[in-house]
Amino acid sequence: MNVGAYLDAAASRRPDQPAILDGDDVVTYGEWVARSTRTAGALRAAGVGPGDRVSILMPNQTAFLVTLFAVLRMGAVVVPLNTRLHPKECAYMLEHSGSRAIVFDPRLAAIVDDAPTEHDVVKLAVPELEAAAAGAAELPAADSGADDLAWFFYTSGTTGRPKAAMVTHGNLAFMTDRYLADVYPAGPEDRCLHAGPLTHGSGLWSIALTAAGATHIVPKATSFDADELFSLVERHHASQLVFLSPTMIKLLLESDAAATADCSSLRFVGYGGAPIHPVDLQSAIDRWGPVLCNIYGQGECPMTISMLTPADHAAGGEHLRSVGRARDGIEVTVRDDAGNVLPPGGVGEVCVNGPVVMRGYYDDEQATADAFRHDTYHTGDLGRFDDEGFLYLLDRVKELVISGGSNIYPREVENVLVQHDRVLDVAVFGIPDRHWGESVVAAVVADGEPPAQEELIALCRDNLASYKKPRWIVYVDELPRSAYGKVLKRELAALYGRLADDGGAT
């Protein structure tokens, strides 16, 4: 059951198969498994044992994949840390997780040095760990059970401190099996380009792709570089591109290389993690063909809630606004506040049952109890099913705007505003209003001269019920985003929360 052993199985089948392409470096499966087993031995010598947490702080590179499978195979718990974290955020996660060690890229040493913890943490820069691994004994894979912890996935959250979703070997094994069965039947002939950070969705993807014996392609840039990605697709004839956020798709489409790059080798482009504007999605379909796949999941149930398939994308229509149908082997329902399952068309909270759902939140009994009400996991997402089983996400429960007793889903308003040819990006959120309870504000990033406020409000009035239109339009240079690209609406709400005190603009 130890998912780290997927690497051993792939290496035993094809030890000379290219496993990792990192710049000019080629690592075979045989070399990868040898390096991971010795790295596990070095971590054991440094005092890491089964069940201990090991944080990993590094951009996409071979060393991440080596360390990831080393930690998994020894029965320890992976705690991936985003490279854009502030030292205080890093310190919190190290302390909260109780990490026994942290493995980090030397270029990020300042973050680690400025992240003090109350308990001792073994700090290992990649060159130091590699030197220790060169002389370490190989460590066989631990006999981990399905319920044993494998991964702490820190949620970005909408309020307060991030929570650590406890993901087990059983969760990851189910995720892997279902990916290869009903998402994409990858094999040794596949070459997958990791566009997203391995510390996030792409790292989960790497487990399934390793089980399939596919080749991982790792960009050299430490941040997203659209031109480099197109170059790597062409150079290595990549068949898969994962895991893209909608922001990354937009940057790819706007790249100078987008019009000329040969992407004919692509068979699958996985994206998700946030809403995508319909205009951008249609542009991507027009550019790359029917290869896009929207995977809806969460750190709490990784990669496995619903899927909008490439065939669904090719069919087009209203379903492009959905996140597809529920995945095989799990139960996805929409429920009201009392826990009752709603019929198609009913709006409620999306809930999930099945082998992919996390064990709970680490060291947070209250958050765990809140998430597992009514004997099901509550995602915090509002949604509805249509009569064909397609799931439409409306918003996060905490981002729902209630104005004058009426529910307003910010995503509906955003989808209208982005239709304007001078609106590059938009975020809609609610602020307190003494009269209405809440009022709607739209923060707009404009292309050139901002359109008149009245023009945008009229666009909403022409496409939505009047009560849904923004009361204010504010213009910003860019939207605040989390380390993983999600818009931080709480920051916008804090910044513009007193607009209602000054009276409305409409």
# chains A, B, ... in the order shown; residues from 1 in each chain; ligands from 1
call {"tool": "select_by_dssp", "arguments": {"residues": "segment 225-405 of chain A", "states": "helix (DSSP H, G or I)", "output": "ChimeraX atom specification"}}
result
/A:226-236,246-254,278-288,310-315,317-321,365-371,373-375,397-399
call {"tool": "write_last_selection", "arguments": {"atoms": "C-alpha atoms", "output": "PDB file, in the first residue's frame"}}
result
ATOM      1  CA  ALA A 226       5.214  30.423 -20.676  1.00  0.00           C
ATOM      2  CA  ASP A 227       7.919  30.631 -23.340  1.00  0.00           C
ATOM      3  CA  GLU A 228      10.001  27.944 -21.628  1.00  0.00           C
ATOM      4  CA  LEU A 229       6.996  25.634 -21.397  1.00  0.00           C
ATOM      5  CA  PHE A 230       6.268  25.926 -25.103  1.00  0.00           C
ATOM      6  CA  SER A 231       9.945  25.260 -25.812  1.00  0.00           C
ATOM      7  CA  LEU A 232       9.903  22.123 -23.648  1.00  0.00           C
ATOM      8  CA  VAL A 233       6.713  20.836 -25.281  1.00  0.00           C
ATOM      9  CA  GLU A 234       8.435  21.082 -28.657  1.00  0.00           C
ATOM     10  CA  ARG A 235      11.833  19.777 -27.533  1.00  0.00           C
ATOM     11  CA  HIS A 236      10.530  16.699 -25.705  1.00  0.00           C
ATOM     12  CA  PRO A 246      -6.606  29.297 -15.132  1.00  0.00           C
ATOM     13  CA  THR A 247      -4.059  32.101 -14.664  1.00  0.00           C
ATOM     14  CA  MET A 248      -1.361  29.917 -16.230  1.00  0.00           C
ATOM     15  CA  ILE A 249      -3.616  29.123 -19.192  1.00  0.00           C
ATOM     16  CA  LYS A 250      -4.193  32.830 -19.747  1.00  0.00           C
ATOM     17  CA  LEU A 251      -0.430  33.526 -19.598  1.00  0.00           C
ATOM     18  CA  LEU A 252       0.228  30.735 -22.103  1.00  0.00           C
ATOM     19  CA  LEU A 253      -2.375  32.109 -24.501  1.00  0.00           C
ATOM     20  CA  GLU A 254      -0.875  35.605 -24.235  1.00  0.00           C
ATOM     21  CA  PRO A 278     -15.313  31.092 -20.452  1.00  0.00           C
ATOM     22  CA  VAL A 279     -13.539  33.359 -22.946  1.00  0.00           C
ATOM     23  CA  ASP A 280     -10.116  32.043 -21.899  1.00  0.00           C
ATOM     24  CA  LEU A 281     -11.317  28.436 -21.942  1.00  0.00           C
ATOM     25  CA  GLN A 282     -12.723  28.735 -25.458  1.00  0.00           C
ATOM     26  CA  SER A 283      -9.477  30.357 -26.629  1.00  0.00           C
ATOM     27  CA  ALA A 284      -7.499  27.424 -25.203  1.00  0.00           C
ATOM     28  CA  ILE A 285      -9.763  24.900 -26.932  1.00  0.00           C
ATOM     29  CA  ASP A 286      -9.428  26.767 -30.214  1.00  0.00           C
ATOM     30  CA  ARG A 287      -5.631  26.866 -29.847  1.00  0.00           C
ATOM     31  CA  TRP A 288      -4.840  23.323 -28.625  1.00  0.00           C
ATOM     32  CA  PRO A 310     -11.648  16.368 -23.273  1.00  0.00           C
ATOM     33  CA  ALA A 311     -14.747  15.073 -25.058  1.00  0.00           C
ATOM     34  CA  ASP A 312     -16.906  17.398 -22.958  1.00  0.00           C
ATOM     35  CA  HIS A 313     -14.660  20.295 -23.943  1.00  0.00           C
ATOM     36  CA  ALA A 314     -14.967  19.363 -27.603  1.00  0.00           C
ATOM     37  CA  ALA A 315     -18.768  19.289 -27.341  1.00  0.00           C
ATOM     38  CA  GLY A 317     -21.958  24.579 -24.911  1.00  0.00           C
ATOM     39  CA  GLU A 318     -23.181  25.338 -21.422  1.00  0.00           C
ATOM     40  CA  HIS A 319     -21.315  22.360 -19.941  1.00  0.00           C
ATOM     41  CA  LEU A 320     -18.055  24.285 -20.339  1.00  0.00           C
ATOM     42  CA  ARG A 321     -19.150  26.296 -17.317  1.00  0.00           C
ATOM     43  CA  GLU A 365     -10.733  18.596  16.072  1.00  0.00           C
ATOM     44  CA  GLN A 366     -13.234  21.412  15.631  1.00  0.00           C
ATOM     45  CA  ALA A 367     -12.389  21.995  11.958  1.00  0.00           C
ATOM     46  CA  THR A 368     -12.576  18.239  11.372  1.00  0.00           C
ATOM     47  CA  ALA A 369     -15.984  18.014  13.056  1.00  0.00           C
ATOM     48  CA  ASP A 370     -17.257  20.981  11.045  1.00  0.00           C
ATOM     49  CA  ALA A 371     -16.071  19.401   7.786  1.00  0.00           C
ATOM     50  CA  ARG A 373     -21.180  16.923   9.370  1.00  0.00           C
ATOM     51  CA  HIS A 374     -24.062  14.639   8.381  1.00  0.00           C
ATOM     52  CA  ASP A 375     -21.652  11.705   7.827  1.00  0.00           C
ATOM     53  CA  VAL A 397     -19.865  29.030   0.957  1.00  0.00           C
ATOM     54  CA  LYS A 398     -18.028  31.847   2.745  1.00  0.00           C
ATOM     55  CA  GLU A 399     -17.923  33.990  -0.422  1.00  0.00           C
TER      56      GLU A 399
END
call {"tool": "residues_around", "arguments": {"residues": "segment 453-468 of chain A", "least_positions_apart": "4", "cutoff": "10 Å", "atoms": "only C-alpha atoms", "output": "PDB file with N, CA and C atoms, in the first residue's frame"}}
result
ATOM      1  N   VAL A 401     -22.624  36.124  -1.321  1.00  0.00           N
ATOM      2  CA  VAL A 401     -23.076  37.451  -0.901  1.00  0.00           C
ATOM      3  C   VAL A 401     -24.590  37.394  -0.706  1.00  0.00           C
ATOM      4  N   ILE A 402     -25.059  37.816   0.460  1.00  0.00           N
ATOM      5  CA  ILE A 402     -26.496  37.848   0.739  1.00  0.00           C
ATOM      6  C   ILE A 402     -26.890  39.303   0.892  1.00  0.00           C
ATOM      7  N   SER A 403     -27.605  39.816  -0.094  1.00  0.00           N
ATOM      8  CA  SER A 403     -27.993  41.230  -0.128  1.00  0.00           C
ATOM      9  C   SER A 403     -29.510  41.335  -0.137  1.00  0.00           C
ATOM     10  N   GLY A 404     -30.041  41.993   0.873  1.00  0.00           N
ATOM     11  CA  GLY A 404     -31.493  42.120   0.955  1.00  0.00           C
ATOM     12  C   GLY A 404     -32.198  40.787   1.046  1.00  0.00           C
ATOM     13  N   SER A 406     -31.372  38.089  -0.549  1.00  0.00           N
ATOM     14  CA  SER A 406     -31.200  37.311  -1.781  1.00  0.00           C
ATOM     15  C   SER A 406     -29.756  36.835  -1.915  1.00  0.00           C
ATOM     16  N   ASN A 407     -29.584  35.598  -2.365  1.00  0.00           N
ATOM     17  CA  ASN A 407     -28.250  35.039  -2.572  1.00  0.00           C
ATOM     18  C   ASN A 407     -27.669  35.522  -3.903  1.00  0.00           C
ATOM     19  N   ILE A 408     -26.435  35.976  -3.849  1.00  0.00           N
ATOM     20  CA  ILE A 408     -25.730  36.403  -5.052  1.00  0.00           C
ATOM     21  C   ILE A 408     -24.427  35.629  -5.127  1.00  0.00           C
ATOM     22  N   TYR A 409     -24.215  34.946  -6.254  1.00  0.00           N
ATOM     23  CA  TYR A 409     -23.012  34.150  -6.440  1.00  0.00           C
ATOM     24  C   TYR A 409     -22.007  34.967  -7.252  1.00  0.00           C
ATOM     25  N   PRO A 410     -20.903  35.387  -6.636  1.00  0.00           N
ATOM     26  CA  PRO A 410     -19.937  36.248  -7.324  1.00  0.00           C
ATOM     27  C   PRO A 410     -19.496  35.726  -8.682  1.00  0.00           C
ATOM     28  N   GLU A 412     -21.140  34.253 -10.984  1.00  0.00           N
ATOM     29  CA  GLU A 412     -22.086  34.630 -12.037  1.00  0.00           C
ATOM     30  C   GLU A 412     -21.787  36.037 -12.545  1.00  0.00           C
ATOM     31  N   VAL A 413     -21.544  36.953 -11.624  1.00  0.00           N
ATOM     32  CA  VAL A 413     -21.289  38.343 -11.989  1.00  0.00           C
ATOM     33  C   VAL A 413     -19.943  38.460 -12.708  1.00  0.00           C
ATOM     34  N   GLU A 414     -18.941  37.722 -12.243  1.00  0.00           N
ATOM     35  CA  GLU A 414     -17.623  37.747 -12.883  1.00  0.00           C
ATOM     36  C   GLU A 414     -17.705  37.269 -14.329  1.00  0.00           C
ATOM     37  N   ASN A 415     -18.493  36.224 -14.561  1.00  0.00           N
ATOM     38  CA  ASN A 415     -18.600  35.673 -15.914  1.00  0.00           C
ATOM     39  C   ASN A 415     -19.238  36.667 -16.885  1.00  0.00           C
ATOM     40  N   VAL A 416     -20.073  37.561 -16.376  1.00  0.00           N
ATOM     41  CA  VAL A 416     -20.650  38.592 -17.232  1.00  0.00           C
ATOM     42  C   VAL A 416     -19.638  39.709 -17.478  1.00  0.00           C
ATOM     43  N   LEU A 417     -18.996  40.196 -16.426  1.00  0.00           N
ATOM     44  CA  LEU A 417     -18.087  41.333 -16.559  1.00  0.00           C
ATOM     45  C   LEU A 417     -16.898  41.028 -17.468  1.00  0.00           C
ATOM     46  N   VAL A 418     -16.416  39.788 -17.438  1.00  0.00           N
ATOM     47  CA  VAL A 418     -15.241  39.456 -18.242  1.00  0.00           C
ATOM     48  C   VAL A 418     -15.561  39.419 -19.733  1.00  0.00           C
ATOM     49  N   GLN A 419     -16.830  39.472 -20.084  1.00  0.00           N
ATOM     50  CA  GLN A 419     -17.203  39.527 -21.499  1.00  0.00           C
ATOM     51  C   GLN A 419     -16.845  40.864 -22.138  1.00  0.00           C
ATOM     52  N   HIS A 420     -16.655  41.889 -21.316  1.00  0.00           N
ATOM     53  CA  HIS A 420     -16.291  43.201 -21.852  1.00  0.00           C
ATOM     54  C   HIS A 420     -14.876  43.135 -22.404  1.00  0.00           C
ATOM     55  N   VAL A 423     -11.943  44.297 -20.115  1.00  0.00           N
ATOM     56  CA  VAL A 423     -11.801  43.722 -18.775  1.00  0.00           C
ATOM     57  C   VAL A 423     -10.862  42.526 -18.871  1.00  0.00           C
ATOM     58  N   SER A 439     -23.419  44.365   0.200  1.00  0.00           N
ATOM     59  CA  SER A 439     -23.502  44.898  -1.157  1.00  0.00           C
ATOM     60  C   SER A 439     -22.376  44.323  -1.996  1.00  0.00           C
ATOM     61  N   VAL A 440     -22.586  44.343  -3.314  1.00  0.00           N
ATOM     62  CA  VAL A 440     -21.650  43.730  -4.248  1.00  0.00           C
ATOM     63  C   VAL A 440     -20.644  44.758  -4.756  1.00  0.00           C
ATOM     64  N   ALA A 442     -17.170  44.949  -7.437  1.00  0.00           N
ATOM     65  CA  ALA A 442     -16.367  44.278  -8.464  1.00  0.00           C
ATOM     66  C   ALA A 442     -15.030  45.004  -8.583  1.00  0.00           C
ATOM     67  N   VAL A 444     -11.851  45.365 -10.811  1.00  0.00           N
ATOM     68  CA  VAL A 444     -11.602  45.117 -12.232  1.00  0.00           C
ATOM     69  C   VAL A 444     -10.180  45.502 -12.604  1.00  0.00           C
ATOM     70  N   TRP A 472     -20.673  48.898  -6.659  1.00  0.00           N
ATOM     71  CA  TRP A 472     -19.460  49.649  -6.930  1.00  0.00           C
ATOM     72  C   TRP A 472     -18.564  48.879  -7.897  1.00  0.00           C
ATOM     73  N   ILE A 473     -17.868  49.609  -8.730  1.00  0.00           N
ATOM     74  CA  ILE A 473     -16.780  49.078  -9.549  1.00  0.00           C
ATOM     75  C   ILE A 473     -15.505  49.793  -9.086  1.00  0.00           C
ATOM     76  N   VAL A 474     -14.491  49.042  -8.708  1.00  0.00           N
ATOM     77  CA  VAL A 474     -13.205  49.643  -8.360  1.00  0.00           C
ATOM     78  C   VAL A 474     -12.165  49.100  -9.324  1.00  0.00           C
ATOM     79  N   TYR A 475     -11.212  49.938  -9.701  1.00  0.00           N
ATOM     80  CA  TYR A 475     -10.204  49.545 -10.677  1.00  0.00           C
ATOM     81  C   TYR A 475      -8.874  49.333  -9.972  1.00  0.00           C
ATOM     82  N   ALA A 505     -22.637  54.098  -5.524  1.00  0.00           N
ATOM     83  CA  ALA A 505     -22.365  54.770  -6.793  1.00  0.00           C
ATOM     84  C   ALA A 505     -23.488  54.550  -7.789  1.00  0.00           C
ATOM     85  N   THR A 506     -24.401  53.641  -7.516  1.00  0.00           N
ATOM     86  CA  THR A 506     -25.501  53.392  -8.441  1.00  0.00           C
ATOM     87  C   THR A 506     -26.833  53.438  -7.705  1.00  0.00           C
TER      88      THR A 506
END
call {"tool": "residues_around", "arguments": {"residues": "Leu198 of chain A", "least_positions_apart": "4", "cutoff": "8 Å", "atoms": "only C-alpha atoms", "output": "list of chain:residue names"}}
result
A:Pro59, A:Asn60, A:Phe64, A:His194, A:Ser202, A:Gly203, A:Leu204, A:Ser206
call {"tool": "closest_atom_pairs", "arguments": {"of": "segment 123-207 of chain A", "to": "segment 107-116 of chain A", "cutoff": "10 Å", "atoms": "only C-alpha atoms", "output": "tab-separated table"}}
result
residue	atom	partner	partner_atom	distance
A:Lys123	CA	A:Val112	CA	8.1
A:Leu124	CA	A:Ala109	CA	9.9
A:Ala125	CA	A:Ala109	CA	7.8
call {"tool": "residues_around", "arguments": {"residues": "Ser36 of chain A", "least_positions_apart": "2", "cutoff": "9 Å", "atoms": "only C-alpha atoms", "output": "PyMOL selection string"}}
result
chain A and resi 31-34+38-41+65-71+73+133+138-139
call {"tool": "write_last_selection", "arguments": {"atoms": "N, CA and C atoms", "output": "PDB file, in the first residue's frame"}}
result
ATOM      1  N   GLU A  31      18.114   4.766 -11.864  1.00  0.00           N
ATOM      2  CA  GLU A  31      18.882   5.768 -11.117  1.00  0.00           C
ATOM      3  C   GLU A  31      18.013   6.477 -10.076  1.00  0.00           C
ATOM      4  N   TRP A  32      16.774   6.753 -10.459  1.00  0.00           N
ATOM      5  CA  TRP A  32      15.877   7.459  -9.539  1.00  0.00           C
ATOM      6  C   TRP A  32      15.593   6.624  -8.294  1.00  0.00           C
ATOM      7  N   VAL A  33      15.279   5.359  -8.479  1.00  0.00           N
ATOM      8  CA  VAL A  33      14.958   4.540  -7.314  1.00  0.00           C
ATOM      9  C   VAL A  33      16.189   4.364  -6.424  1.00  0.00           C
ATOM     10  N   ALA A  34      17.382   4.270  -7.032  1.00  0.00           N
ATOM     11  CA  ALA A  34      18.600   4.142  -6.222  1.00  0.00           C
ATOM     12  C   ALA A  34      18.846   5.409  -5.408  1.00  0.00           C
ATOM     13  N   ARG A  38      18.605   5.679  -1.214  1.00  0.00           N
ATOM     14  CA  ARG A  38      19.748   6.160  -0.427  1.00  0.00           C
ATOM     15  C   ARG A  38      19.403   7.464   0.307  1.00  0.00           C
ATOM     16  N   THR A  39      18.574   8.299  -0.326  1.00  0.00           N
ATOM     17  CA  THR A  39      18.132   9.513   0.363  1.00  0.00           C
ATOM     18  C   THR A  39      17.289   9.157   1.575  1.00  0.00           C
ATOM     19  N   ALA A  40      16.447   8.140   1.450  1.00  0.00           N
ATOM     20  CA  ALA A  40      15.684   7.667   2.605  1.00  0.00           C
ATOM     21  C   ALA A  40      16.628   7.188   3.702  1.00  0.00           C
ATOM     22  N   GLY A  41      17.704   6.505   3.308  1.00  0.00           N
ATOM     23  CA  GLY A  41      18.688   6.057   4.295  1.00  0.00           C
ATOM     24  C   GLY A  41      19.373   7.230   4.983  1.00  0.00           C
ATOM     25  N   LEU A  65      11.528  15.399  -6.653  1.00  0.00           N
ATOM     26  CA  LEU A  65      10.967  14.068  -6.906  1.00  0.00           C
ATOM     27  C   LEU A  65      11.734  12.986  -6.158  1.00  0.00           C
ATOM     28  N   VAL A  66      13.049  13.137  -6.083  1.00  0.00           N
ATOM     29  CA  VAL A  66      13.858  12.175  -5.325  1.00  0.00           C
ATOM     30  C   VAL A  66      13.461  12.198  -3.857  1.00  0.00           C
ATOM     31  N   THR A  67      13.355  13.392  -3.279  1.00  0.00           N
ATOM     32  CA  THR A  67      13.030  13.519  -1.859  1.00  0.00           C
ATOM     33  C   THR A  67      11.606  13.075  -1.571  1.00  0.00           C
ATOM     34  N   LEU A  68      10.684  13.438  -2.450  1.00  0.00           N
ATOM     35  CA  LEU A  68       9.282  13.055  -2.275  1.00  0.00           C
ATOM     36  C   LEU A  68       9.145  11.548  -2.096  1.00  0.00           C
ATOM     37  N   PHE A  69       9.722  10.790  -3.020  1.00  0.00           N
ATOM     38  CA  PHE A  69       9.567   9.337  -2.938  1.00  0.00           C
ATOM     39  C   PHE A  69      10.429   8.726  -1.842  1.00  0.00           C
ATOM     40  N   ALA A  70      11.496   9.408  -1.443  1.00  0.00           N
ATOM     41  CA  ALA A  70      12.285   8.942  -0.306  1.00  0.00           C
ATOM     42  C   ALA A  70      11.459   9.026   0.976  1.00  0.00           C
ATOM     43  N   VAL A  71      10.781  10.151   1.170  1.00  0.00           N
ATOM     44  CA  VAL A  71       9.973  10.339   2.378  1.00  0.00           C
ATOM     45  C   VAL A  71       8.806   9.355   2.397  1.00  0.00           C
ATOM     46  N   ARG A  73       8.548   6.409   0.896  1.00  0.00           N
ATOM     47  CA  ARG A  73       8.958   5.016   1.029  1.00  0.00           C
ATOM     48  C   ARG A  73       9.350   4.673   2.461  1.00  0.00           C
ATOM     49  N   ALA A 133      23.497  11.160   1.170  1.00  0.00           N
ATOM     50  CA  ALA A 133      22.874  10.017   0.511  1.00  0.00           C
ATOM     51  C   ALA A 133      23.889   9.199  -0.277  1.00  0.00           C
ATOM     52  N   GLU A 138      20.839   1.848   1.302  1.00  0.00           N
ATOM     53  CA  GLU A 138      19.514   1.924   0.708  1.00  0.00           C
ATOM     54  C   GLU A 138      18.473   1.446   1.710  1.00  0.00           C
ATOM     55  N   LEU A 139      17.352   2.167   1.756  1.00  0.00           N
ATOM     56  CA  LEU A 139      16.301   1.840   2.717  1.00  0.00           C
ATOM     57  C   LEU A 139      15.107   1.275   1.976  1.00  0.00           C
TER      58      LEU A 139
END
call {"tool": "select_by_dssp", "arguments": {"residues": "segment 20-247 of chain A", "states": "strand (DSSP E or B)", "output": "ChimeraX atom specification"}}
result
/A:20-22,25-28,53-57,77-80,101-104,122-125,149-154,164-168,191-194,215-218,240-244
call {"tool": "write_last_selection", "arguments": {"atoms": "C-alpha atoms", "output": "compact mmCIF listing (two decimals), in the first residue's frame"}}
result
# COMPACT_ATOMS: atom_id res chain seq x y z
CA ILE A 20 13.12 12.65 -15.28
CA LEU A 21 14.23 15.18 -17.89
CA ASP A 22 15.65 18.22 -16.10
CA ASP A 25 20.09 15.91 -17.25
CA VAL A 26 18.40 12.57 -17.88
CA VAL A 27 17.61 10.37 -14.89
CA THR A 28 16.48 6.81 -15.56
CA ARG A 53 6.88 14.86 9.10
CA VAL A 54 9.42 16.07 6.53
CA SER A 55 8.89 19.49 4.95
CA ILE A 56 10.12 20.09 1.39
CA LEU A 57 10.84 23.63 0.23
CA VAL A 77 4.86 12.21 5.96
CA VAL A 78 5.52 14.70 3.16
CA VAL A 79 4.81 18.36 3.99
CA PRO A 80 5.29 20.34 0.75
CA ALA A 101 13.25 17.87 9.17
CA ILE A 102 13.10 20.28 6.26
CA VAL A 103 14.84 19.68 2.92
CA PHE A 104 15.33 22.90 0.97
CA VAL A 122 16.85 19.15 11.13
CA LYS A 123 17.67 21.55 8.28
CA LEU A 124 19.12 19.89 5.18
CA ALA A 125 20.02 21.85 2.05
CA LEU A 149 -0.45 9.29 6.84
CA ALA A 150 1.46 10.15 3.67
CA TRP A 151 0.96 13.86 2.91
CA PHE A 152 0.01 17.02 4.79
CA PHE A 153 -1.74 19.29 2.32
CA TYR A 154 -1.97 22.80 3.74
CA ALA A 164 -3.30 20.63 7.28
CA ALA A 165 -5.43 18.03 5.50
CA MET A 166 -4.17 14.58 6.52
CA VAL A 167 -3.93 12.54 3.33
CA THR A 168 -3.23 8.82 3.67
CA ARG A 191 6.10 12.52 -21.37
CA CYS A 192 4.53 14.83 -18.83
CA LEU A 193 5.56 18.45 -18.42
CA HIS A 194 5.04 19.78 -14.89
CA THR A 215 8.66 10.44 -18.09
CA HIS A 216 8.58 13.63 -16.02
CA ILE A 217 9.76 16.87 -17.65
CA VAL A 218 10.87 19.54 -15.17
CA GLN A 240 0.75 15.77 -21.06
CA LEU A 241 0.84 19.26 -19.55
CA VAL A 242 -0.11 19.51 -15.85
CA PHE A 243 -1.25 21.04 -13.54
CA LEU A 244 -2.35 24.41 -14.90
call {"tool": "residues_around", "arguments": {"residues": "Ile431 of chain A", "least_positions_apart": "2", "cutoff": "12 Å", "atoms": "only C-alpha atoms", "output": "PyMOL selection string"}}
result
chain A and resi 399-403+428-429+433-442+470-472+489-501+504
call {"tool": "write_last_selection", "arguments": {"atoms": "N, CA and C atoms", "output": "compact mmCIF listing (two decimals), in the first residue's frame"}}
result
# COMPACT_ATOMS: atom_id res chain seq x y z
N GLU A 399 -17.98 32.87 0.51
CA GLU A 399 -17.92 33.99 -0.42
C GLU A 399 -19.29 34.35 -0.98
N LEU A 400 -20.30 33.58 -0.62
CA LEU A 400 -21.67 33.90 -1.02
C LEU A 400 -22.03 35.29 -0.48
N VAL A 401 -22.62 36.12 -1.32
CA VAL A 401 -23.08 37.45 -0.90
C VAL A 401 -24.59 37.39 -0.71
N ILE A 402 -25.06 37.82 0.46
CA ILE A 402 -26.50 37.85 0.74
C ILE A 402 -26.89 39.30 0.89
N SER A 403 -27.60 39.82 -0.09
CA SER A 403 -27.99 41.23 -0.13
C SER A 403 -29.51 41.34 -0.14
N VAL A 428 -15.33 39.56 -7.78
CA VAL A 428 -16.54 40.11 -7.19
C VAL A 428 -16.65 39.60 -5.76
N PHE A 429 -16.99 40.49 -4.84
CA PHE A 429 -17.06 40.13 -3.43
C PHE A 429 -18.08 41.01 -2.73
N ASP A 433 -23.15 46.20 4.55
CA ASP A 433 -24.01 47.32 4.20
C ASP A 433 -25.12 47.38 5.25
N ARG A 434 -25.23 48.51 5.92
CA ARG A 434 -26.19 48.61 7.03
C ARG A 434 -27.63 48.43 6.57
N HIS A 435 -27.89 48.81 5.33
CA HIS A 435 -29.26 48.73 4.83
C HIS A 435 -29.59 47.36 4.25
N TRP A 436 -28.68 46.86 3.38
CA TRP A 436 -28.93 45.62 2.64
C TRP A 436 -28.30 44.39 3.28
N GLY A 437 -27.50 44.56 4.29
CA GLY A 437 -26.76 43.45 4.88
C GLY A 437 -25.40 43.32 4.22
N GLU A 438 -25.39 43.12 2.90
CA GLU A 438 -24.16 43.12 2.12
C GLU A 438 -24.44 43.78 0.77
N SER A 439 -23.42 44.36 0.20
CA SER A 439 -23.50 44.90 -1.16
C SER A 439 -22.38 44.32 -2.00
N VAL A 440 -22.59 44.34 -3.31
CA VAL A 440 -21.65 43.73 -4.25
C VAL A 440 -20.64 44.76 -4.76
N VAL A 441 -19.37 44.37 -4.73
CA VAL A 441 -18.29 45.18 -5.29
C VAL A 441 -17.56 44.34 -6.33
N ALA A 442 -17.17 44.95 -7.44
CA ALA A 442 -16.37 44.28 -8.46
C ALA A 442 -15.03 45.00 -8.58
N PRO A 470 -23.23 44.87 -9.49
CA PRO A 470 -22.39 45.51 -8.48
C PRO A 470 -22.92 46.89 -8.11
N ARG A 471 -22.74 47.23 -6.86
CA ARG A 471 -23.06 48.58 -6.43
C ARG A 471 -21.87 49.50 -6.68
N TRP A 472 -20.67 48.90 -6.66
CA TRP A 472 -19.46 49.65 -6.93
C TRP A 472 -18.56 48.88 -7.90
N LYS A 489 -9.99 37.26 -1.99
CA LYS A 489 -11.10 38.20 -1.89
C LYS A 489 -11.20 38.81 -0.50
N ARG A 490 -10.72 38.10 0.51
CA ARG A 490 -10.76 38.67 1.86
C ARG A 490 -9.92 39.94 1.95
N GLU A 491 -8.80 39.99 1.19
CA GLU A 491 -7.97 41.20 1.18
C GLU A 491 -8.69 42.34 0.48
N LEU A 492 -9.38 42.03 -0.60
CA LEU A 492 -10.15 43.06 -1.29
C LEU A 492 -11.28 43.57 -0.40
N ALA A 493 -11.96 42.65 0.28
CA ALA A 493 -13.06 43.05 1.15
C ALA A 493 -12.56 43.93 2.29
N ALA A 494 -11.37 43.61 2.82
CA ALA A 494 -10.80 44.43 3.89
C ALA A 494 -10.43 45.82 3.38
N LEU A 495 -9.93 45.88 2.15
CA LEU A 495 -9.49 47.15 1.58
C LEU A 495 -10.66 48.07 1.24
N TYR A 496 -11.74 47.49 0.75
CA TYR A 496 -12.87 48.30 0.28
C TYR A 496 -14.11 48.15 1.16
N GLY A 497 -13.94 47.62 2.35
CA GLY A 497 -15.07 47.29 3.21
C GLY A 497 -15.88 48.46 3.71
N ARG A 498 -15.34 49.70 3.61
CA ARG A 498 -16.07 50.87 4.11
C ARG A 498 -16.74 51.68 3.00
N LEU A 499 -16.78 51.13 1.79
CA LEU A 499 -17.43 51.85 0.70
C LEU A 499 -18.89 52.19 1.03
N ALA A 500 -19.56 51.26 1.68
CA ALA A 500 -20.97 51.45 1.96
C ALA A 500 -21.21 52.63 2.91
N ASP A 501 -20.20 52.99 3.70
CA ASP A 501 -20.36 54.12 4.62
C ASP A 501 -20.45 55.44 3.88
N GLY A 504 -23.68 54.71 -2.09
CA GLY A 504 -23.45 53.93 -3.30
C GLY A 504 -23.20 54.78 -4.52
call {"tool": "atom_distance", "arguments": {"atom1": "atom CA of Ala10 of chain A", "atom2": "atom CA of Tyr179 of chain A"}}
result
16.5 Å
call {"tool": "atom_distance", "arguments": {"atom1": "atom CA of Ala46 of chain A", "atom2": "atom CA of Glu128 of chain A"}}
result
11.5 Å
call {"tool": "closest_residue", "arguments": {"among": "A:Asp182, A:Asp262, A:Asp387, A:Glu478", "to": "Leu308 of chain A", "atoms": "only C-alpha atoms"}}
result
A:Asp182
